[in-house]
file coords-v8.pdb (PDB, C-alpha atoms)
ATOM      1  CA  MET A   1      -5.846 -18.191 101.671  1.00  0.00           C
ATOM      2  CA  LEU A   2      -2.186 -17.297 101.353  1.00  0.00           C
ATOM      3  CA  SER A   3      -1.143 -13.835 102.328  1.00  0.00           C
ATOM      4  CA  MET A   4       0.974 -12.156  99.692  1.00  0.00           C
ATOM      5  CA  SER A   5       2.631  -9.640 101.945  1.00  0.00           C
ATOM      6  CA  LYS A   6       5.570  -7.615 100.866  1.00  0.00           C
ATOM      7  CA  PRO A   7       8.879  -8.947 102.209  1.00  0.00           C
ATOM      8  CA  ALA A   8      10.415  -6.908 104.979  1.00  0.00           C
ATOM      9  CA  GLU A   9      13.095  -4.501 103.884  1.00  0.00           C
ATOM     10  CA  ARG A  10      16.526  -5.195 105.313  1.00  0.00           C
ATOM     11  CA  ASN A  11      18.968  -2.445 105.857  1.00  0.00           C
ATOM     12  CA  GLU A  12      22.195  -4.353 105.694  1.00  0.00           C
ATOM     13  CA  THR A  13      25.260  -2.950 107.344  1.00  0.00           C
ATOM     14  CA  PRO A  14      27.818  -2.027 104.680  1.00  0.00           C
ATOM     15  CA  SER A  15      31.206  -3.684 104.693  1.00  0.00           C
ATOM     16  CA  LEU A  16      34.382  -1.774 105.387  1.00  0.00           C
ATOM     17  CA  ALA A  17      35.212  -2.142 101.683  1.00  0.00           C
ATOM     18  CA  GLU A  18      31.875  -0.533 100.733  1.00  0.00           C
ATOM     19  CA  VAL A  19      32.403   2.387 103.114  1.00  0.00           C
ATOM     20  CA  VAL A  20      35.905   3.035 101.746  1.00  0.00           C
ATOM     21  CA  ARG A  21      34.647   2.652  98.162  1.00  0.00           C
ATOM     22  CA  ARG A  22      31.952   5.283  98.788  1.00  0.00           C
ATOM     23  CA  ALA A  23      34.485   7.646 100.376  1.00  0.00           C
ATOM     24  CA  VAL A  24      36.768   7.267  97.350  1.00  0.00           C
ATOM     25  CA  GLU A  25      33.843   7.867  94.956  1.00  0.00           C
ATOM     26  CA  ILE A  26      32.993  11.068  96.819  1.00  0.00           C
ATOM     27  CA  CYS A  27      36.584  12.322  96.767  1.00  0.00           C
ATOM     28  CA  ASP A  28      37.347  11.264  93.197  1.00  0.00           C
ATOM     29  CA  PRO A  29      34.124  11.064  91.173  1.00  0.00           C
ATOM     30  CA  SER A  30      36.059  10.987  87.888  1.00  0.00           C
ATOM     31  CA  ASP A  31      38.231   8.070  89.080  1.00  0.00           C
ATOM     32  CA  GLU A  32      41.487   9.784  88.105  1.00  0.00           C
ATOM     33  CA  ASP A  33      43.514   9.787  91.335  1.00  0.00           C
ATOM     34  CA  ALA A  34      45.786   6.727  91.463  1.00  0.00           C
ATOM     35  CA  ASP A  35      46.455   7.236  95.176  1.00  0.00           C
ATOM     36  CA  LEU A  36      42.751   6.947  95.879  1.00  0.00           C
ATOM     37  CA  GLY A  37      42.634   3.818  93.760  1.00  0.00           C
ATOM     38  CA  ASP A  38      45.413   2.399  95.946  1.00  0.00           C
ATOM     39  CA  LEU A  39      43.423   3.262  99.077  1.00  0.00           C
ATOM     40  CA  GLN A  40      40.353   1.512  97.716  1.00  0.00           C
ATOM     41  CA  ASP A  41      42.449  -1.508  96.725  1.00  0.00           C
ATOM     42  CA  ALA A  42      43.846  -1.732 100.263  1.00  0.00           C
ATOM     43  CA  PHE A  43      40.344  -2.468 101.545  1.00  0.00           C
ATOM     44  CA  GLU A  44      38.850  -4.395  98.618  1.00  0.00           C
ATOM     45  CA  ASP A  45      38.825  -7.715 100.507  1.00  0.00           C
ATOM     46  CA  ASP A  46      37.416  -6.294 103.760  1.00  0.00           C
ATOM     47  CA  ASP A  47      33.947  -7.756 103.401  1.00  0.00           C
ATOM     48  CA  GLU A  48      33.078  -7.884 107.092  1.00  0.00           C
ATOM     49  CA  PRO A  49      30.383  -5.463 108.256  1.00  0.00           C
ATOM     50  CA  VAL A  50      31.974  -2.161 109.207  1.00  0.00           C
ATOM     51  CA  THR A  51      30.402  -2.535 112.667  1.00  0.00           C
ATOM     52  CA  ALA A  52      32.426  -5.727 113.206  1.00  0.00           C
ATOM     53  CA  VAL A  53      35.771  -3.982 112.700  1.00  0.00           C
ATOM     54  CA  GLY A  54      37.459  -3.530 116.068  1.00  0.00           C
ATOM     55  CA  ASP A  55      38.919  -0.045 115.695  1.00  0.00           C
ATOM     56  CA  VAL A  56      37.798   1.113 112.287  1.00  0.00           C
ATOM     57  CA  GLU A  57      39.217   4.607 112.733  1.00  0.00           C
ATOM     58  CA  THR A  58      42.733   3.378 113.482  1.00  0.00           C
ATOM     59  CA  ARG A  59      42.549   0.791 110.721  1.00  0.00           C
ATOM     60  CA  ILE A  60      41.652   3.384 108.097  1.00  0.00           C
ATOM     61  CA  TRP A  61      44.165   6.005 109.229  1.00  0.00           C
ATOM     62  CA  GLU A  62      46.974   3.457 109.490  1.00  0.00           C
ATOM     63  CA  ALA A  63      46.273   2.421 105.901  1.00  0.00           C
ATOM     64  CA  VAL A  64      47.100   5.941 104.741  1.00  0.00           C
ATOM     65  CA  GLY A  65      49.967   6.423 107.193  1.00  0.00           C
ATOM     66  CA  ARG A  66      48.633   9.657 108.694  1.00  0.00           C
ATOM     67  CA  ARG A  67      48.699   8.434 112.295  1.00  0.00           C
ATOM     68  CA  THR A  68      52.463   7.952 112.175  1.00  0.00           C
ATOM     69  CA  ASP A  69      53.424  10.561 109.564  1.00  0.00           C
ATOM     70  CA  PRO A  70      51.589  13.893 109.887  1.00  0.00           C
ATOM     71  CA  GLU A  71      53.583  15.493 107.055  1.00  0.00           C
ATOM     72  CA  PRO A  72      51.613  16.852 104.083  1.00  0.00           C
ATOM     73  CA  TYR A  73      50.252  14.087 101.940  1.00  0.00           C
ATOM     74  CA  ASN A  74      47.863  13.810  99.050  1.00  0.00           C
ATOM     75  CA  PRO A  75      44.921  15.784 100.466  1.00  0.00           C
ATOM     76  CA  SER A  76      42.413  13.712  98.517  1.00  0.00           C
ATOM     77  CA  VAL A  77      43.619  10.575 100.314  1.00  0.00           C
ATOM     78  CA  THR A  78      43.554  12.346 103.664  1.00  0.00           C
ATOM     79  CA  MET A  79      40.009  13.530 103.005  1.00  0.00           C
ATOM     80  CA  ALA A  80      38.934  10.085 101.743  1.00  0.00           C
ATOM     81  CA  ALA A  81      40.199   8.555 104.985  1.00  0.00           C
ATOM     82  CA  ALA A  82      38.334  11.144 107.054  1.00  0.00           C
ATOM     83  CA  THR A  83      35.233  10.528 104.949  1.00  0.00           C
ATOM     84  CA  ALA A  84      35.479   6.753 105.358  1.00  0.00           C
ATOM     85  CA  VAL A  85      35.800   7.112 109.128  1.00  0.00           C
ATOM     86  CA  TYR A  86      32.819   9.454 109.183  1.00  0.00           C
ATOM     87  CA  LEU A  87      30.693   7.113 107.066  1.00  0.00           C
ATOM     88  CA  ALA A  88      31.694   4.112 109.171  1.00  0.00           C
ATOM     89  CA  PHE A  89      29.839   5.740 112.051  1.00  0.00           C
ATOM     90  CA  ARG A  90      27.184   7.598 110.050  1.00  0.00           C
ATOM     91  CA  ARG A  91      26.155   4.782 107.720  1.00  0.00           C
ATOM     92  CA  ASP A  92      22.718   6.356 107.308  1.00  0.00           C
ATOM     93  CA  GLU A  93      24.399   9.129 105.296  1.00  0.00           C
ATOM     94  CA  LEU A  94      26.081   6.916 102.662  1.00  0.00           C
ATOM     95  CA  GLY A  95      23.682   8.138  99.989  1.00  0.00           C
ATOM     96  CA  ASP A  96      23.740  11.827 100.914  1.00  0.00           C
ATOM     97  CA  LYS A  97      25.141  14.552  98.668  1.00  0.00           C
ATOM     98  CA  PRO A  98      28.934  14.338  98.353  1.00  0.00           C
ATOM     99  CA  GLU A  99      29.492  17.996  99.282  1.00  0.00           C
ATOM    100  CA  GLU A 100      27.484  17.569 102.471  1.00  0.00           C
ATOM    101  CA  ILE A 101      29.341  14.399 103.424  1.00  0.00           C
ATOM    102  CA  LEU A 102      32.705  16.100 102.844  1.00  0.00           C
ATOM    103  CA  ARG A 103      31.693  19.098 104.938  1.00  0.00           C
ATOM    104  CA  LEU A 104      30.457  16.958 107.813  1.00  0.00           C
ATOM    105  CA  ALA A 105      33.432  14.597 107.641  1.00  0.00           C
ATOM    106  CA  ALA A 106      35.885  17.520 107.853  1.00  0.00           C
ATOM    107  CA  ARG A 107      33.981  19.002 110.761  1.00  0.00           C
ATOM    108  CA  SER A 108      33.939  15.668 112.529  1.00  0.00           C
ATOM    109  CA  GLU A 109      37.585  14.752 111.981  1.00  0.00           C
ATOM    110  CA  TRP A 110      39.190  18.132 112.554  1.00  0.00           C
ATOM    111  CA  LYS A 111      36.531  20.023 114.510  1.00  0.00           C
ATOM    112  CA  GLY A 112      36.081  22.305 111.505  1.00  0.00           C
ATOM    113  CA  GLN A 113      39.799  23.097 111.182  1.00  0.00           C
ATOM    114  CA  PRO A 114      41.229  20.650 108.615  1.00  0.00           C
ATOM    115  CA  PRO A 115      44.943  20.721 107.768  1.00  0.00           C
ATOM    116  CA  GLU A 116      45.882  23.468 105.330  1.00  0.00           C
ATOM    117  CA  ASP A 117      46.317  21.111 102.372  1.00  0.00           C
ATOM    118  CA  VAL A 118      42.914  19.520 102.994  1.00  0.00           C
ATOM    119  CA  HIS A 119      41.286  22.918 103.502  1.00  0.00           C
ATOM    120  CA  GLY A 120      42.575  24.036 100.090  1.00  0.00           C
ATOM    121  CA  TRP A 121      41.398  20.785  98.505  1.00  0.00           C
ATOM    122  CA  LEU A 122      37.920  21.310  99.952  1.00  0.00           C
ATOM    123  CA  GLU A 123      37.820  24.934  98.805  1.00  0.00           C
ATOM    124  CA  GLU A 124      38.689  23.847  95.243  1.00  0.00           C
ATOM    125  CA  ARG A 125      35.550  21.712  95.343  1.00  0.00           C
ATOM    126  CA  GLY A 126      33.376  24.479  96.741  1.00  0.00           C
ATOM    127  CA  VAL A 127      33.011  22.827 100.139  1.00  0.00           C
ATOM    128  CA  GLU A 128      32.882  25.202 103.095  1.00  0.00           C
ATOM    129  CA  VAL A 129      33.735  23.677 106.426  1.00  0.00           C
TER     130      VAL A 129
END
call {"tool": "encode", "arguments": {"input": "coords-v8.pdb", "output": "structure tokens"}}
result
Amino acid sequence: MLSMSKPAERNETPSLAEVVRRAVEICDPSDEDADLGDLQDAFEDDDEPVTAVGDVETRIWEAVGRRTDPEPYNPSVTMAAATAVYLAFRRDELGDKPEEILRLAARSEWKGQPPEDVHGWLEERGVEV
């Protein structure tokens, strides 16, 4: 008699593109920020598992230029980068509530003290760090 067992569930590792896409969705749920669209486009072909990316943090931050240029920038892009880095390491939280992810990402990236522009951006969204 054949056993009709349920197939095992696979928890596939998301690609770098998927992690960045989720970060952009969290930071721009209405899909109105062109700069965030540009960030997502920069990673659209990065289909390798995020765990296979050598230095994912540097790769993400270099894409937004914040490692070399700390001047004020679009805070939504800065927060999307921080969120993508956070989610790259905390992949189990991809489906969590956006406000919680933003709070934890800001705490992780800036030890709870985000840059002033990012802090204001978070406050506008009701996110307390």
call {"tool": "closest_residue", "arguments": {"input": "coords-v8.pdb", "among": "A:Arg21, A:Phe89, A:Leu16, A:Asp31", "to": "Arg59 of chain A", "atoms": "all atoms listed in the file"}}
result
A:Leu16
call {"tool": "closest_residue", "arguments": {"input": "coords-v8.pdb", "among": "A:Glu128, A:Glu32, A:Glu116, A:Glu100", "to": "Thr78 of chain A", "atoms": "only C-alpha atoms"}}
result
A:Glu116
call {"tool": "resolve_selection", "arguments": {"input": "coords-v8.pdb", "expression": "the PyMOL selection byres ((chain A and resi 115) around 10)", "output": "PDB file with C-alpha atoms, in the coordinates of the input"}}
result
ATOM      1  CA  PRO A  70      51.589  13.893 109.887  1.00  0.00           C
ATOM      2  CA  PRO A  72      51.613  16.852 104.083  1.00  0.00           C
ATOM      3  CA  PRO A  75      44.921  15.784 100.466  1.00  0.00           C
ATOM      4  CA  THR A  78      43.554  12.346 103.664  1.00  0.00           C
ATOM      5  CA  MET A  79      40.009  13.530 103.005  1.00  0.00           C
ATOM      6  CA  ALA A 106      35.885  17.520 107.853  1.00  0.00           C
ATOM      7  CA  TRP A 110      39.190  18.132 112.554  1.00  0.00           C
ATOM      8  CA  GLY A 112      36.081  22.305 111.505  1.00  0.00           C
ATOM      9  CA  GLN A 113      39.799  23.097 111.182  1.00  0.00           C
ATOM     10  CA  PRO A 114      41.229  20.650 108.615  1.00  0.00           C
ATOM     11  CA  GLU A 116      45.882  23.468 105.330  1.00  0.00           C
ATOM     12  CA  ASP A 117      46.317  21.111 102.372  1.00  0.00           C
ATOM     13  CA  VAL A 118      42.914  19.520 102.994  1.00  0.00           C
ATOM     14  CA  HIS A 119      41.286  22.918 103.502  1.00  0.00           C
ATOM     15  CA  GLY A 120      42.575  24.036 100.090  1.00  0.00           C
ATOM     16  CA  TRP A 121      41.398  20.785  98.505  1.00  0.00           C
TER      17      TRP A 121
END
call {"tool": "residues_around", "arguments": {"input": "coords-v8.pdb", "residues": "Ala23 of chain A", "least_positions_apart": "3", "cutoff": "7 Å", "atoms": "all atoms listed in the file", "output": "PyMOL selection string"}}
result
chain A and resi 19-20+26-27+80+83-84
call {"tool": "closest_residue", "arguments": {"input": "coords-v8.pdb", "among": "A:Val85, A:Asp38, A:Pro98, A:Thr13", "to": "Thr58 of chain A", "atoms": "all atoms listed in the file"}}
result
A:Val85
call {"tool": "resolve_selection", "arguments": {"input": "coords-v8.pdb", "expression": "the PyMOL selection byres ((chain A and resi 90) around 12)", "output": "list in words"}}
result
Thr13, Pro14, Val19, Val50, Thr51, Thr83, Ala84, Val85, Tyr86, Leu87, Ala88, Phe89, Arg91, Asp92, Glu93, Leu94, Gly95, Asp96, Ile101, Leu104, Ala105 and Ser108 of chain A
call {"tool": "write_last_selection", "arguments": {"input": "coords-v8.pdb", "atoms": "C-alpha atoms", "output": "mmCIF file, in the frame of the given file"}}
result
data_model
loop_
_atom_site.group_PDB
_atom_site.id
_atom_site.type_symbol
_atom_site.label_atom_id
_atom_site.label_comp_id
_atom_site.auth_asym_id
_atom_site.auth_seq_id
_atom_site.Cartn_x
_atom_site.Cartn_y
_atom_site.Cartn_z
ATOM 1 C CA THR A 13 25.260 -2.950 107.344
ATOM 2 C CA PRO A 14 27.818 -2.027 104.680
ATOM 3 C CA VAL A 19 32.403 2.387 103.114
ATOM 4 C CA VAL A 50 31.974 -2.161 109.207
ATOM 5 C CA THR A 51 30.402 -2.535 112.667
ATOM 6 C CA THR A 83 35.233 10.528 104.949
ATOM 7 C CA ALA A 84 35.479 6.753 105.358
ATOM 8 C CA VAL A 85 35.800 7.112 109.128
ATOM 9 C CA TYR A 86 32.819 9.454 109.183
ATOM 10 C CA LEU A 87 30.693 7.113 107.066
ATOM 11 C CA ALA A 88 31.694 4.112 109.171
ATOM 12 C CA PHE A 89 29.839 5.740 112.051
ATOM 13 C CA ARG A 91 26.155 4.782 107.720
ATOM 14 C CA ASP A 92 22.718 6.356 107.308
ATOM 15 C CA GLU A 93 24.399 9.129 105.296
ATOM 16 C CA LEU A 94 26.081 6.916 102.662
ATOM 17 C CA GLY A 95 23.682 8.138 99.989
ATOM 18 C CA ASP A 96 23.740 11.827 100.914
ATOM 19 C CA ILE A 101 29.341 14.399 103.424
ATOM 20 C CA LEU A 104 30.457 16.958 107.813
ATOM 21 C CA ALA A 105 33.432 14.597 107.641
ATOM 22 C CA SER A 108 33.939 15.668 112.529
#
call {"tool": "atom_distance", "arguments": {"input": "coords-v8.pdb", "atom1": "atom CA of Val129 of chain A", "atom2": "atom CA of Leu39 of chain A"}}
result
23.8 Å
call {"tool": "closest_residue", "arguments": {"input": "coords-v8.pdb", "among": "A:Val56, A:Arg125, A:Glu44, A:Ala82", "to": "Lys111 of chain A", "atoms": "only C-alpha atoms"}}
result
A:Ala82
call {"tool": "atom_distance", "arguments": {"input": "coords-v8.pdb", "atom1": "atom CA of Asn74 of chain A", "atom2": "atom CA of Asp35 of chain A"}}
result
7.8 Å
call {"tool": "residues_around", "arguments": {"input": "coords-v8.pdb", "residues": "Gly37 of chain A", "least_positions_apart": "3", "cutoff": "10 Å", "atoms": "all atoms listed in the file", "output": "mmCIF file with C-alpha atoms, in the coordinates of the input"}}
result
data_model
loop_
_atom_site.group_PDB
_atom_site.id
_atom_site.type_symbol
_atom_site.label_atom_id
_atom_site.label_comp_id
_atom_site.auth_asym_id
_atom_site.auth_seq_id
_atom_site.Cartn_x
_atom_site.Cartn_y
_atom_site.Cartn_z
ATOM 1 C CA ARG A 21 34.647 2.652 98.162
ATOM 2 C CA VAL A 24 36.768 7.267 97.350
ATOM 3 C CA GLU A 25 33.843 7.867 94.956
ATOM 4 C CA ASP A 28 37.347 11.264 93.197
ATOM 5 C CA ASP A 31 38.231 8.070 89.080
ATOM 6 C CA GLU A 32 41.487 9.784 88.105
ATOM 7 C CA ASP A 33 43.514 9.787 91.335
ATOM 8 C CA ALA A 34 45.786 6.727 91.463
ATOM 9 C CA GLN A 40 40.353 1.512 97.716
ATOM 10 C CA ASP A 41 42.449 -1.508 96.725
ATOM 11 C CA ALA A 42 43.846 -1.732 100.263
ATOM 12 C CA VAL A 77 43.619 10.575 100.314
#
call {"tool": "atom_distance", "arguments": {"input": "coords-v8.pdb", "atom1": "atom CA of Val53 of chain A", "atom2": "atom CA of Ser15 of chain A"}}
result
9.2 Å
call {"tool": "closest_residue", "arguments": {"input": "coords-v8.pdb", "among": "A:Leu122, A:Glu99, A:Phe43, A:Val127", "to": "Ile60 of chain A", "atoms": "only C-alpha atoms"}}
result
A:Phe43
call {"tool": "build_atoms", "arguments": {"input": "coords-v8.pdb", "residues": "segment 118-129 of chain A", "atoms": "N, CA and C atoms", "output": "mmCIF file, in the coordinates of the input"}}
result
data_model
loop_
_atom_site.group_PDB
_atom_site.id
_atom_site.type_symbol
_atom_site.label_atom_id
_atom_site.label_comp_id
_atom_site.auth_asym_id
_atom_site.auth_seq_id
_atom_site.Cartn_x
_atom_site.Cartn_y
_atom_site.Cartn_z
ATOM 1 N N VAL A 118 44.274 20.036 103.129
ATOM 2 C CA VAL A 118 42.914 19.520 102.994
ATOM 3 C C VAL A 118 41.928 20.685 102.846
ATOM 4 N N HIS A 119 42.155 21.741 103.599
ATOM 5 C CA HIS A 119 41.286 22.918 103.502
ATOM 6 C C HIS A 119 41.288 23.462 102.070
ATOM 7 N N GLY A 120 42.481 23.571 101.478
ATOM 8 C CA GLY A 120 42.575 24.036 100.090
ATOM 9 C C GLY A 120 41.880 23.091 99.129
ATOM 10 N N TRP A 121 42.040 21.802 99.350
ATOM 11 C CA TRP A 121 41.398 20.785 98.505
ATOM 12 C C TRP A 121 39.878 20.932 98.583
ATOM 13 N N LEU A 122 39.363 21.130 99.780
ATOM 14 C CA LEU A 122 37.920 21.310 99.952
ATOM 15 C C LEU A 122 37.439 22.588 99.274
ATOM 16 N N GLU A 123 38.196 23.665 99.437
ATOM 17 C CA GLU A 123 37.820 24.934 98.805
ATOM 18 C C GLU A 123 37.745 24.800 97.284
ATOM 19 N N GLU A 124 38.693 24.065 96.698
ATOM 20 C CA GLU A 124 38.689 23.847 95.243
ATOM 21 C C GLU A 124 37.409 23.172 94.783
ATOM 22 N N ARG A 125 36.785 22.441 95.666
ATOM 23 C CA ARG A 125 35.550 21.712 95.343
ATOM 24 C C ARG A 125 34.312 22.457 95.809
ATOM 25 N N GLY A 126 34.506 23.673 96.305
ATOM 26 C CA GLY A 126 33.376 24.479 96.741
ATOM 27 C C GLY A 126 32.755 24.035 98.053
ATOM 28 N N VAL A 127 33.528 23.325 98.865
ATOM 29 C CA VAL A 127 33.011 22.827 100.139
ATOM 30 C C VAL A 127 33.498 23.745 101.259
ATOM 31 N N GLU A 128 32.556 24.359 101.952
ATOM 32 C CA GLU A 128 32.882 25.202 103.095
ATOM 33 C C GLU A 128 32.734 24.393 104.355
ATOM 34 N N VAL A 129 33.769 24.445 105.183
ATOM 35 C CA VAL A 129 33.735 23.677 106.426
ATOM 36 C C VAL A 129 33.143 24.513 107.481
#
